[in-house]
$ cat entry_12.cif   # mmCIF, C-alpha atoms
data_final
loop_
_atom_site.group_PDB
_atom_site.id
_atom_site.type_symbol
_atom_site.label_atom_id
_atom_site.label_comp_id
_atom_site.auth_asym_id
_atom_site.auth_seq_id
_atom_site.Cartn_x
_atom_site.Cartn_y
_atom_site.Cartn_z
ATOM 1 C CA MET S 627 20.272 -36.938 23.052
ATOM 2 C CA TYR S 628 23.212 -37.107 25.446
ATOM 3 C CA VAL S 629 23.146 -34.804 28.486
ATOM 4 C CA MET S 630 25.947 -34.592 31.025
ATOM 5 C CA HIS S 631 24.361 -33.855 34.389
ATOM 6 C CA ARG S 632 26.111 -31.902 37.085
ATOM 7 C CA SER S 633 26.701 -34.873 39.357
ATOM 8 C CA THR S 634 29.434 -37.097 40.698
ATOM 9 C CA PHE S 635 30.004 -38.092 37.076
ATOM 10 C CA SER S 636 30.852 -34.601 35.812
ATOM 11 C CA GLN S 637 33.077 -33.929 38.813
ATOM 12 C CA SER S 638 35.005 -37.161 38.320
ATOM 13 C CA VAL S 639 35.485 -36.383 34.612
ATOM 14 C CA ALA S 640 36.979 -33.012 35.509
ATOM 15 C CA ARG S 641 39.472 -34.688 37.830
ATOM 16 C CA LEU S 642 40.406 -37.313 35.243
ATOM 17 C CA VAL S 643 40.920 -35.152 32.148
ATOM 18 C CA PHE S 644 44.544 -34.305 32.895
ATOM 19 C CA SER S 645 45.608 -37.810 33.997
ATOM 20 C CA LEU S 646 43.931 -39.420 30.994
ATOM 21 C CA ALA S 647 45.501 -36.830 28.708
ATOM 22 C CA CYS S 648 48.849 -38.021 30.029
ATOM 23 C CA LEU S 649 47.922 -41.589 29.104
ATOM 24 C CA LEU S 650 47.418 -40.337 25.562
ATOM 25 C CA GLY S 651 50.883 -38.799 25.585
ATOM 26 C CA ILE S 652 49.610 -35.235 25.765
ATOM 27 C CA SER S 653 52.019 -33.002 27.670
ATOM 28 C CA ALA S 654 50.864 -30.473 30.227
ATOM 29 C CA SER S 655 51.558 -27.608 27.793
ATOM 30 C CA ALA S 656 49.464 -29.273 25.089
ATOM 31 C CA SER S 657 46.652 -30.600 27.272
ATOM 32 C CA ALA S 658 44.401 -27.752 26.135
ATOM 33 C CA ALA S 659 44.317 -29.497 22.758
ATOM 34 C CA SER S 660 42.618 -32.537 24.259
ATOM 35 C CA ASP S 661 38.868 -32.943 24.597
ATOM 36 C CA TYR S 662 36.306 -35.590 25.418
ATOM 37 C CA VAL S 663 32.870 -36.789 24.383
ATOM 38 C CA VAL S 664 30.344 -38.178 26.845
ATOM 39 C CA ALA S 665 29.013 -41.303 25.152
ATOM 40 C CA SER S 666 26.714 -42.169 28.050
ATOM 41 C CA SER S 667 26.325 -40.925 31.619
ATOM 42 C CA LYS S 668 23.621 -43.459 32.417
ATOM 43 C CA SER S 669 24.101 -46.670 34.363
ATOM 44 C CA VAL S 670 23.260 -49.809 32.403
ATOM 45 C CA THR S 671 22.812 -53.362 33.632
ATOM 46 C CA MET S 672 24.173 -56.251 31.582
ATOM 47 C CA GLY S 673 23.086 -59.901 31.706
ATOM 48 C CA ASP S 674 19.928 -61.930 31.188
ATOM 49 C CA GLN S 675 18.085 -61.351 34.451
ATOM 50 C CA GLY S 676 15.139 -59.015 34.963
ATOM 51 C CA LYS S 677 15.599 -55.675 33.171
ATOM 52 C CA SER S 678 19.227 -56.381 32.244
ATOM 53 C CA LYS S 679 20.303 -56.876 28.621
ATOM 54 C CA PRO S 680 22.802 -59.380 27.147
ATOM 55 C CA ARG S 681 24.140 -56.663 24.839
ATOM 56 C CA ARG S 682 24.023 -52.895 24.619
ATOM 57 C CA VAL S 683 24.771 -50.641 21.659
ATOM 58 C CA ILE S 684 25.679 -47.088 22.680
ATOM 59 C CA GLU S 685 25.794 -44.381 20.025
ATOM 60 C CA PHE S 686 27.867 -41.221 20.343
ATOM 61 C CA GLN S 687 29.009 -38.350 18.122
ATOM 62 C CA MET S 688 32.614 -37.393 17.348
ATOM 63 C CA PRO S 689 33.366 -33.821 16.164
ATOM 64 C CA GLN S 690 34.876 -32.975 12.800
ATOM 65 C CA ASN S 691 38.092 -31.673 14.363
ATOM 66 C CA PHE S 692 39.307 -34.777 16.188
ATOM 67 C CA ASP S 693 42.779 -35.977 15.237
ATOM 68 C CA ARG S 694 42.539 -39.354 13.473
ATOM 69 C CA ASN S 695 46.324 -39.683 13.543
ATOM 70 C CA SER S 696 46.511 -39.701 17.358
ATOM 71 C CA ASP S 697 45.374 -42.329 19.800
ATOM 72 C CA ALA S 698 42.051 -41.960 21.605
ATOM 73 C CA LEU S 699 41.070 -43.304 25.016
ATOM 74 C CA ILE S 700 37.779 -45.004 25.873
ATOM 75 C CA GLN S 701 36.951 -44.867 29.563
ATOM 76 C CA MET S 702 34.105 -46.349 31.596
ATOM 77 C CA TYR S 703 33.319 -47.497 35.094
ATOM 78 C CA ILE S 704 32.461 -51.186 35.564
ATOM 79 C CA ARG S 705 31.185 -53.233 38.478
ATOM 80 C CA SER S 706 30.643 -56.917 39.323
ATOM 81 C CA THR S 707 32.292 -58.509 36.270
ATOM 82 C CA ASP S 708 33.110 -61.494 38.445
ATOM 83 C CA LYS S 709 31.385 -64.431 36.705
ATOM 84 C CA SER S 710 33.033 -64.384 33.257
ATOM 85 C CA LYS S 711 36.338 -63.339 31.717
ATOM 86 C CA TYR S 712 34.707 -63.061 28.282
ATOM 87 C CA ASN S 713 32.626 -59.878 28.769
ATOM 88 C CA ALA S 714 33.826 -57.577 26.005
ATOM 89 C CA VAL S 715 33.694 -54.102 24.420
ATOM 90 C CA TYR S 716 33.620 -53.430 20.658
ATOM 91 C CA LEU S 717 34.017 -50.240 18.637
ATOM 92 C CA ASN S 718 32.373 -49.652 15.227
ATOM 93 C CA GLY S 719 32.095 -52.128 12.352
ATOM 94 C CA PHE S 720 30.430 -54.918 14.328
ATOM 95 C CA THR S 721 27.507 -57.107 13.231
ATOM 96 C CA LEU S 722 24.710 -58.052 15.607
ATOM 97 C CA PRO S 723 23.565 -61.707 15.585
ATOM 98 C CA ASP S 724 19.906 -62.532 14.975
ATOM 99 C CA PHE S 725 19.303 -63.341 18.647
ATOM 100 C CA ASP S 726 19.300 -61.009 21.637
ATOM 101 C CA GLY S 727 22.911 -61.509 22.650
ATOM 102 C CA CYS S 728 26.451 -61.793 21.310
ATOM 103 C CA ASP S 729 28.458 -64.487 19.543
ATOM 104 C CA SER S 730 30.373 -66.911 21.741
ATOM 105 C CA ALA S 731 33.963 -65.860 22.355
ATOM 106 C CA ASP S 732 35.422 -68.754 20.341
ATOM 107 C CA LYS S 733 33.209 -68.002 17.306
ATOM 108 C CA ASP S 734 33.227 -64.238 17.503
ATOM 109 C CA ARG S 735 32.548 -62.717 14.074
ATOM 110 C CA ASN S 736 33.319 -59.287 15.514
ATOM 111 C CA LYS S 737 36.773 -59.981 16.939
ATOM 112 C CA GLY S 738 38.226 -57.412 14.523
ATOM 113 C CA SER S 739 36.093 -54.735 16.208
ATOM 114 C CA ARG S 740 36.807 -55.921 19.746
ATOM 115 C CA ILE S 741 38.902 -53.484 21.761
ATOM 116 C CA GLY S 742 39.219 -55.716 24.800
ATOM 117 C CA TYR S 743 37.783 -58.067 27.402
ATOM 118 C CA LEU S 744 36.622 -56.499 30.652
ATOM 119 C CA PRO S 745 38.743 -57.288 33.728
ATOM 120 C CA HIS S 746 37.503 -59.138 36.790
ATOM 121 C CA VAL S 747 35.853 -56.755 39.252
ATOM 122 C CA PRO S 748 34.419 -58.009 42.563
ATOM 123 C CA ASN S 749 30.723 -57.687 43.283
ATOM 124 C CA LYS S 750 29.609 -54.259 44.554
ATOM 125 C CA GLN S 751 32.909 -52.597 43.619
ATOM 126 C CA TRP S 752 33.381 -49.965 40.903
ATOM 127 C CA ILE S 753 36.661 -49.520 39.020
ATOM 128 C CA MET S 754 37.650 -47.341 36.055
ATOM 129 C CA TYR S 755 38.427 -49.316 32.892
ATOM 130 C CA HIS S 756 40.202 -47.560 30.039
ATOM 131 C CA LYS S 757 41.477 -48.729 26.668
ATOM 132 C CA THR S 758 43.651 -46.880 24.161
ATOM 133 C CA VAL S 759 42.553 -47.201 20.526
ATOM 134 C CA SER S 760 43.933 -45.853 17.274
ATOM 135 C CA GLY S 761 42.220 -42.632 16.211
ATOM 136 C CA ASP S 762 41.472 -44.075 12.784
ATOM 137 C CA ARG S 763 39.023 -46.509 14.408
ATOM 138 C CA LEU S 764 36.763 -43.531 15.093
ATOM 139 C CA ARG S 765 34.964 -41.374 12.542
ATOM 140 C CA ALA S 766 33.485 -37.892 12.502
ATOM 141 C CA GLY S 767 29.791 -38.041 13.286
ATOM 142 C CA GLU S 768 28.066 -41.168 14.552
ATOM 143 C CA ASN S 769 30.026 -43.966 16.258
ATOM 144 C CA GLU S 770 28.913 -47.054 18.153
ATOM 145 C CA ILE S 771 30.156 -49.027 21.138
ATOM 146 C CA LEU S 772 28.905 -52.577 21.697
ATOM 147 C CA ILE S 773 29.060 -54.145 25.166
ATOM 148 C CA CYS S 774 28.570 -57.916 25.476
ATOM 149 C CA SER S 775 27.776 -60.064 28.494
ATOM 150 C CA ARG S 776 28.821 -63.735 28.360
ATOM 151 C CA ASN S 777 28.804 -66.669 30.726
ATOM 152 C CA LYS S 778 31.833 -68.342 32.276
ATOM 153 C CA ARG S 779 32.211 -70.637 29.223
ATOM 154 C CA GLY S 780 32.280 -67.636 26.870
ATOM 155 C CA ASP S 781 28.819 -68.305 25.394
ATOM 156 C CA GLY S 782 26.484 -65.417 24.604
ATOM 157 C CA ARG S 783 23.346 -67.180 25.827
ATOM 158 C CA GLY S 784 22.384 -68.711 29.171
ATOM 159 C CA SER S 785 23.527 -67.851 32.728
ATOM 160 C CA LEU S 786 25.170 -64.622 31.609
ATOM 161 C CA ASP S 787 27.296 -62.521 33.914
ATOM 162 C CA LYS S 788 25.254 -59.704 35.480
ATOM 163 C CA PHE S 789 27.336 -56.546 35.719
ATOM 164 C CA TYR S 790 27.026 -52.783 35.541
ATOM 165 C CA ILE S 791 28.581 -50.040 33.383
ATOM 166 C CA LYS S 792 28.334 -46.264 33.681
ATOM 167 C CA ASP S 793 30.000 -42.988 32.649
ATOM 168 C CA ILE S 794 31.373 -43.916 29.210
ATOM 169 C CA VAL S 795 33.708 -41.184 27.924
ATOM 170 C CA VAL S 796 35.884 -40.960 24.810
ATOM 171 C CA HIS S 797 39.006 -38.791 25.169
ATOM 172 C CA PHE S 798 40.718 -37.548 22.023
ATOM 173 C CA ARG S 799 43.099 -34.960 20.608
ATOM 174 C CA GLU S 800 41.911 -32.093 18.497
ATOM 175 C CA THR S 801 43.627 -31.352 15.195
ATOM 176 C CA ALA S 802 46.070 -28.460 15.339
ATOM 177 C CA ASN S 803 45.015 -24.902 14.596
ATOM 178 C CA GLU S 804 41.285 -25.581 14.522
ATOM 179 C CA GLU S 805 39.474 -22.943 16.533
ATOM 180 C CA PRO S 806 35.848 -21.758 16.322
ATOM 181 C CA VAL S 807 35.496 -19.665 13.187
ATOM 182 C CA ALA S 808 36.198 -15.954 13.570
ATOM 183 C CA SER S 809 32.800 -15.086 12.121
ATOM 184 C CA CYS S 810 31.010 -16.188 15.316
ATOM 185 C CA SER S 811 29.534 -13.354 17.332
ATOM 186 C CA ARG S 812 30.912 -12.513 20.775
ATOM 187 C CA VAL S 813 27.393 -12.219 22.122
ATOM 188 C CA TYR S 814 27.066 -14.499 25.170
ATOM 189 C CA GLU S 815 23.981 -16.626 24.632
ATOM 190 C CA PRO S 816 25.193 -19.892 26.202
ATOM 191 C CA VAL S 817 24.116 -23.284 24.931
ATOM 192 C CA CYS S 818 24.902 -26.791 26.141
ATOM 193 C CA GLY S 819 26.351 -29.098 23.474
ATOM 194 C CA VAL S 820 25.594 -32.801 23.204
ATOM 195 C CA ASN S 821 29.146 -33.404 24.514
ATOM 196 C CA GLY S 822 28.208 -31.796 27.835
ATOM 197 C CA ARG S 823 30.290 -28.648 27.199
ATOM 198 C CA THR S 824 29.000 -25.070 27.414
ATOM 199 C CA TYR S 825 29.573 -22.821 24.381
ATOM 200 C CA SER S 826 29.187 -19.026 24.254
ATOM 201 C CA ASN S 827 26.539 -19.336 21.553
ATOM 202 C CA SER S 828 25.155 -21.814 19.048
ATOM 203 C CA CYS S 829 27.604 -20.638 16.364
ATOM 204 C CA GLU S 830 30.611 -21.687 18.468
ATOM 205 C CA ALA S 831 29.004 -25.054 19.258
ATOM 206 C CA ASP S 832 28.486 -25.609 15.534
ATOM 207 C CA ALA S 833 32.059 -24.529 14.760
ATOM 208 C CA ALA S 834 33.336 -27.076 17.284
ATOM 209 C CA GLY S 835 31.347 -29.778 15.492
ATOM 210 C CA PHE S 836 28.666 -30.411 18.149
ATOM 211 C CA ARG S 837 24.900 -30.079 18.012
ATOM 212 C CA VAL S 838 23.125 -27.970 20.642
ATOM 213 C CA ASP S 839 21.429 -30.075 23.301
ATOM 214 C CA TYR S 840 19.567 -27.264 25.044
ATOM 215 C CA LEU S 841 19.749 -23.493 25.667
ATOM 216 C CA GLY S 842 21.689 -22.241 28.674
ATOM 217 C CA GLU S 843 24.882 -23.346 30.388
ATOM 218 C CA CYS S 844 25.234 -27.073 30.984
ATOM 219 C CA SER S 845 25.689 -26.481 34.701
ATOM 220 C CA SER S 846 22.672 -24.167 34.894
ATOM 221 C CA SER S 847 20.218 -26.994 34.257
ATOM 222 C CA PRO S 848 21.480 -29.936 36.328
ATOM 223 C CA GLY S 849 19.389 -32.972 35.633
ATOM 224 C CA PHE S 850 17.654 -31.335 32.646
ATOM 225 C CA CYS S 851 14.897 -33.833 31.900
ATOM 226 C CA SER S 852 11.584 -33.914 30.099
ATOM 227 C CA THR S 853 8.314 -33.522 32.001
ATOM 228 C CA VAL S 854 6.967 -36.814 30.630
ATOM 229 C CA PHE S 855 5.556 -38.891 33.509
ATOM 230 C CA ASP S 856 6.978 -42.367 33.010
ATOM 231 C CA PRO S 857 7.635 -43.322 36.653
ATOM 232 C CA VAL S 858 10.498 -45.501 37.789
ATOM 233 C CA CYS S 859 11.437 -46.805 41.202
ATOM 234 C CA GLY S 860 14.991 -45.975 42.268
ATOM 235 C CA ALA S 861 17.314 -48.216 44.253
ATOM 236 C CA ASP S 862 16.870 -45.720 47.112
ATOM 237 C CA GLY S 863 13.183 -46.669 47.343
ATOM 238 C CA ASN S 864 11.933 -43.353 45.931
ATOM 239 C CA THR S 865 9.735 -42.876 42.849
ATOM 240 C CA TYR S 866 11.039 -40.575 40.087
ATOM 241 C CA ASN S 867 8.981 -39.028 37.269
ATOM 242 C CA ASN S 868 11.156 -40.767 34.676
ATOM 243 C CA ALA S 869 14.498 -42.551 34.284
ATOM 244 C CA CYS S 870 16.242 -39.289 33.389
ATOM 245 C CA GLU S 871 15.365 -37.751 36.751
ATOM 246 C CA ALA S 872 16.617 -40.840 38.580
ATOM 247 C CA ASP S 873 19.851 -40.690 36.611
ATOM 248 C CA ALA S 874 20.211 -36.963 37.341
ATOM 249 C CA ALA S 875 19.990 -37.826 41.049
ATOM 250 C CA SER S 876 22.728 -40.496 40.528
ATOM 251 C CA VAL S 877 20.291 -43.230 41.522
ATOM 252 C CA PHE S 878 20.045 -46.613 39.805
ATOM 253 C CA VAL S 879 16.637 -47.575 38.415
ATOM 254 C CA ASP S 880 15.328 -50.611 40.261
ATOM 255 C CA HIS S 881 12.262 -51.211 38.093
ATOM 256 C CA GLN S 882 9.710 -49.459 35.895
ATOM 257 C CA GLY S 883 6.663 -48.055 37.649
ATOM 258 C CA GLU S 884 6.159 -46.441 41.021
ATOM 259 C CA CYS S 885 7.934 -48.022 43.962
ATOM 260 C CA ASN S 886 4.729 -49.280 45.543
ATOM 261 C CA SER S 887 3.450 -50.771 42.261
ATOM 262 C CA GLY S 888 6.518 -52.543 40.925
ATOM 263 C CA PRO S 889 7.759 -56.089 41.417
ATOM 264 C CA THR S 890 8.811 -57.206 44.896
ATOM 265 C CA PHE S 891 12.483 -57.718 43.997
ATOM 266 C CA CYS S 892 15.086 -55.005 44.580
ATOM 267 C CA SER S 893 18.354 -54.213 42.856
ATOM 268 C CA SER S 894 21.660 -55.519 44.209
ATOM 269 C CA VAL S 895 23.072 -51.986 44.590
ATOM 270 C CA PHE S 896 24.809 -51.811 47.997
ATOM 271 C CA ASP S 897 23.700 -48.513 49.522
ATOM 272 C CA PRO S 898 23.159 -49.679 53.131
ATOM 273 C CA VAL S 899 20.498 -48.296 55.427
ATOM 274 C CA CYS S 900 19.686 -49.044 59.043
ATOM 275 C CA GLY S 901 16.089 -49.996 59.677
ATOM 276 C CA VAL S 902 14.105 -48.997 62.754
ATOM 277 C CA ASP S 903 14.239 -52.676 63.707
ATOM 278 C CA GLY S 904 18.010 -52.385 64.195
ATOM 279 C CA ASN S 905 18.897 -54.461 61.127
ATOM 280 C CA THR S 906 21.064 -53.362 58.178
ATOM 281 C CA TYR S 907 19.548 -53.652 54.683
ATOM 282 C CA ASN S 908 21.443 -53.528 51.381
ATOM 283 C CA ASN S 909 19.385 -50.539 50.270
ATOM 284 C CA ALA S 910 16.193 -48.639 51.059
ATOM 285 C CA CYS S 911 14.208 -50.772 48.617
ATOM 286 C CA GLU S 912 14.998 -53.953 50.554
ATOM 287 C CA ALA S 913 14.038 -52.277 53.830
ATOM 288 C CA ASP S 914 10.763 -51.136 52.282
ATOM 289 C CA ALA S 915 10.128 -54.616 50.869
ATOM 290 C CA ALA S 916 10.534 -55.965 54.385
ATOM 291 C CA GLY S 917 7.989 -53.444 55.654
ATOM 292 C CA VAL S 918 10.615 -51.643 57.743
ATOM 293 C CA SER S 919 11.093 -47.873 57.859
ATOM 294 C CA VAL S 920 14.611 -46.493 57.425
ATOM 295 C CA ASP S 921 16.111 -45.067 60.606
ATOM 296 C CA PHE S 922 19.221 -43.596 58.970
ATOM 297 C CA THR S 923 21.529 -44.066 55.963
ATOM 298 C CA GLY S 924 24.478 -46.418 56.537
ATOM 299 C CA GLN S 925 24.973 -49.654 58.401
ATOM 300 C CA CYS S 926 23.489 -50.064 61.872
ATOM 301 C CA LEU S 927 25.939 -49.465 64.680
ATOM 302 C CA VAL S 928 27.110 -52.570 66.519
ATOM 303 C CA LEU S 929 27.582 -51.910 70.225
#
$ encode --input "entry_12.cif" --output "structure tokens"
Amino acid sequence: MYVMHRSTFSQSVARLVFSLACLLGISASASAASDYVVASSKSVTMGDQGKSKPRRVIEFQMPQNFDRNSDALIQMYIRSTDKSKYNAVYLNGFTLPDFDGCDSADKDRNKGSRIGYLPHVPNKQWIMYHKTVSGDRLRAGENEILICSRNKRGDGRGSLDKFYIKDIVVHFRETANEEPVASCSRVYEPVCGVNGRTYSNSCEADAAGFRVDYLGECSSSPGFCSTVFDPVCGADGNTYNNACEADAASVFVDHQGECNSGPTFCSSVFDPVCGVDGNTYNNACEADAAGVSVDFTGQCLVL
């Protein structure tokens, strides 16, 4: 289930729709014919340290009415890809090796599915990465993106680059003259589709080719999460009921379990706080690990 929360993510997508439509060659008058699918709004950590993973497979759904004859655009935010130039993204048709990782770059069985290597991004800095792909590389229904972490030699095992990815979106053109079927009622019973868009009712969501995620407008249930208690400790040092609630608050998950019961290490997320001892800590977790209360958010003032 893919839910787009009303957060910095959804706001940034709204700002980027027009500029990314231009990258696809969609004119201002035709931009209404463009759309997007949220493949993942969660932050994921790549690598072979702690909770990170050497590879990630992300599934997403494409509607029936996307135009296979037009280019599509895959967009994501990446951070800290500074140890290897061989970290890569693949789209559909790939084969996973029998170990928890990816093939080495020089013996890559999936090079035909590779859409590109990720650029160098300094530590603690986010940039938007986007790649244009032919529409015929996508298919209606289920699609998959594979993200691989490699080391500086291009191998898929040992001393892998630790980096972060979030907000994966696929922009596409709709086929011409495909509107929700006229038989749909005009009764306003809003539902939120799995693409993060609000539809007037479930009939219109179905006509657009998307399953209903939950009842109500997407923006009316920000951070819509289950009530299952599966606590996680956020990078801000606070405990959340589950990973979904942390993600809805735009907070990275530091580790599973409550903050005071998890491991002593903290994430490398740079969200500085000033401790009551007058020292700056990378984040609230590190201050808490040092037994220091947070005085205020941000770096300590130097007089």
$ atom_distance --input "entry_12.cif" --atom1 "atom CA of Glu871 of chain S" --atom2 "atom CA of Pro898 of chain S"
21.7 Å
$ atom_distance --input "entry_12.cif" --atom1 "atom CA of Arg694 of chain S" --atom2 "atom CA of Ile753 of chain S"
28.1 Å
$ closest_residue --input "entry_12.cif" --among "S:Asp787, S:Glu815, S:Asp781, S:Glu912" --to "Ser730 of chain S" --atoms "only C-alpha atoms"
S:Asp781
$ resolve_selection --input "entry_12.cif" --expression "the PyMOL selection byres ((chain S and resi 772) around 6)" --output "PyMOL selection string"
chain S and resi 682-683+715-716+771+773
$ closest_residue --input "entry_12.cif" --among "S:Thr671, S:Ser666, S:Ser919, S:Gln690" --to "Ala833 of chain S" --atoms "all atoms listed in the file"
S:Gln690
$ closest_residue --input "entry_12.cif" --among "S:Val838, S:Cys926, S:Val670, S:Ala714" --to "Cys900 of chain S" --atoms "only C-alpha atoms"
S:Cys926
$ closest_residue --input "entry_12.cif" --among "S:Glu770, S:Asp708, S:Asp734, S:Asp762" --to "Ile684 of chain S" --atoms "only C-alpha atoms"
S:Glu770
$ atom_distance --input "entry_12.cif" --atom1 "atom CA of Asp862 of chain S" --atom2 "atom CA of Gln701 of chain S"
26.7 Å
$ residues_around --input "entry_12.cif" --residues "Cys885 of chain S" --least-positions-apart "3" --cutoff "8 Å" --atoms "only C-alpha atoms" --output "list of chain:residue names"
S:Val858, S:Cys859, S:Gly860, S:Gly863, S:Asn864, S:Thr865, S:His881, S:Gly888
$ residues_near_point --input "entry_12.cif" --point "(33.7, -66.9, 22.6)" --cutoff "9 Å" --atoms "all atoms listed in the file" --output "list of chain:residue names"
S:Tyr712, S:Cys728, S:Asp729, S:Ser730, S:Ala731, S:Asp732, S:Lys733, S:Asp734, S:Arg776, S:Arg779, S:Gly780, S:Asp781, S:Gly782
$ write_last_selection --input "entry_12.cif" --atoms "C-alpha atoms" --output "short mmCIF file (atom, residue, chain, number, x, y, z; two decimals), in the coordinates of the input"
data_model
loop_
_atom_site.label_atom_id
_atom_site.label_comp_id
_atom_site.auth_asym_id
_atom_site.auth_seq_id
_atom_site.Cartn_x
_atom_site.Cartn_y
_atom_site.Cartn_z
CA TYR S 712 34.71 -63.06 28.28
CA CYS S 728 26.45 -61.79 21.31
CA ASP S 729 28.46 -64.49 19.54
CA SER S 730 30.37 -66.91 21.74
CA ALA S 731 33.96 -65.86 22.36
CA ASP S 732 35.42 -68.75 20.34
CA LYS S 733 33.21 -68.00 17.31
CA ASP S 734 33.23 -64.24 17.50
CA ARG S 776 28.82 -63.74 28.36
CA ARG S 779 32.21 -70.64 29.22
CA GLY S 780 32.28 -67.64 26.87
CA ASP S 781 28.82 -68.31 25.39
CA GLY S 782 26.48 -65.42 24.60
#
$ residues_near_point --input "entry_12.cif" --point "(25.1, -60.4, 24.0)" --cutoff "6 Å" --atoms "all atoms listed in the file" --output "MDAnalysis selection string"
chainID S and resid 680:681 727:728 774:775 782
$ closest_residue --input "entry_12.cif" --among "S:Leu722, S:Leu786, S:Leu699, S:Leu764" --to "Met672 of chain S" --atoms "all atoms listed in the file"
S:Leu786
$ resolve_selection --input "entry_12.cif" --expression "the PyMOL selection byres ((chain S and resi 662) around 7)" --output "PDB file with C-alpha atoms, in the coordinates of the input"
ATOM      1  CA  ASP S 661      38.868 -32.943  24.597  1.00  0.00           C
ATOM      2  CA  VAL S 663      32.870 -36.789  24.383  1.00  0.00           C
ATOM      3  CA  VAL S 664      30.344 -38.178  26.845  1.00  0.00           C
ATOM      4  CA  VAL S 795      33.708 -41.184  27.924  1.00  0.00           C
ATOM      5  CA  VAL S 796      35.884 -40.960  24.810  1.00  0.00           C
ATOM      6  CA  HIS S 797      39.006 -38.791  25.169  1.00  0.00           C
ATOM      7  CA  PHE S 798      40.718 -37.548  22.023  1.00  0.00           C
TER       8      PHE S 798
END
$ resolve_selection --input "entry_12.cif" --expression "the PyMOL selection byres ((chain S and resi 686) around 6)" --output "list of chain:residue names"
S:Ala665, S:Glu685, S:Gln687, S:Glu768, S:Asn769
$ closest_residue --input "entry_12.cif" --among "S:Tyr703, S:Phe896, S:Tyr825, S:Phe789" --to "Ser667 of chain S" --atoms "only C-alpha atoms"
S:Tyr703
$ residues_around --input "entry_12.cif" --residues "Asn827 of chain S" --least-positions-apart "2" --cutoff "12 Å" --atoms "only C-alpha atoms" --output "list in words"
Pro806, Cys810, Ser811, Arg812, Val813, Tyr814, Glu815, Pro816, Val817, Cys818, Gly819, Arg823, Thr824, Tyr825, Cys829, Glu830, Ala831, Asp832, Ala833, Ala834, Phe836, Arg837, Val838, Tyr840, Leu841, Gly842 and Glu843 of chain S
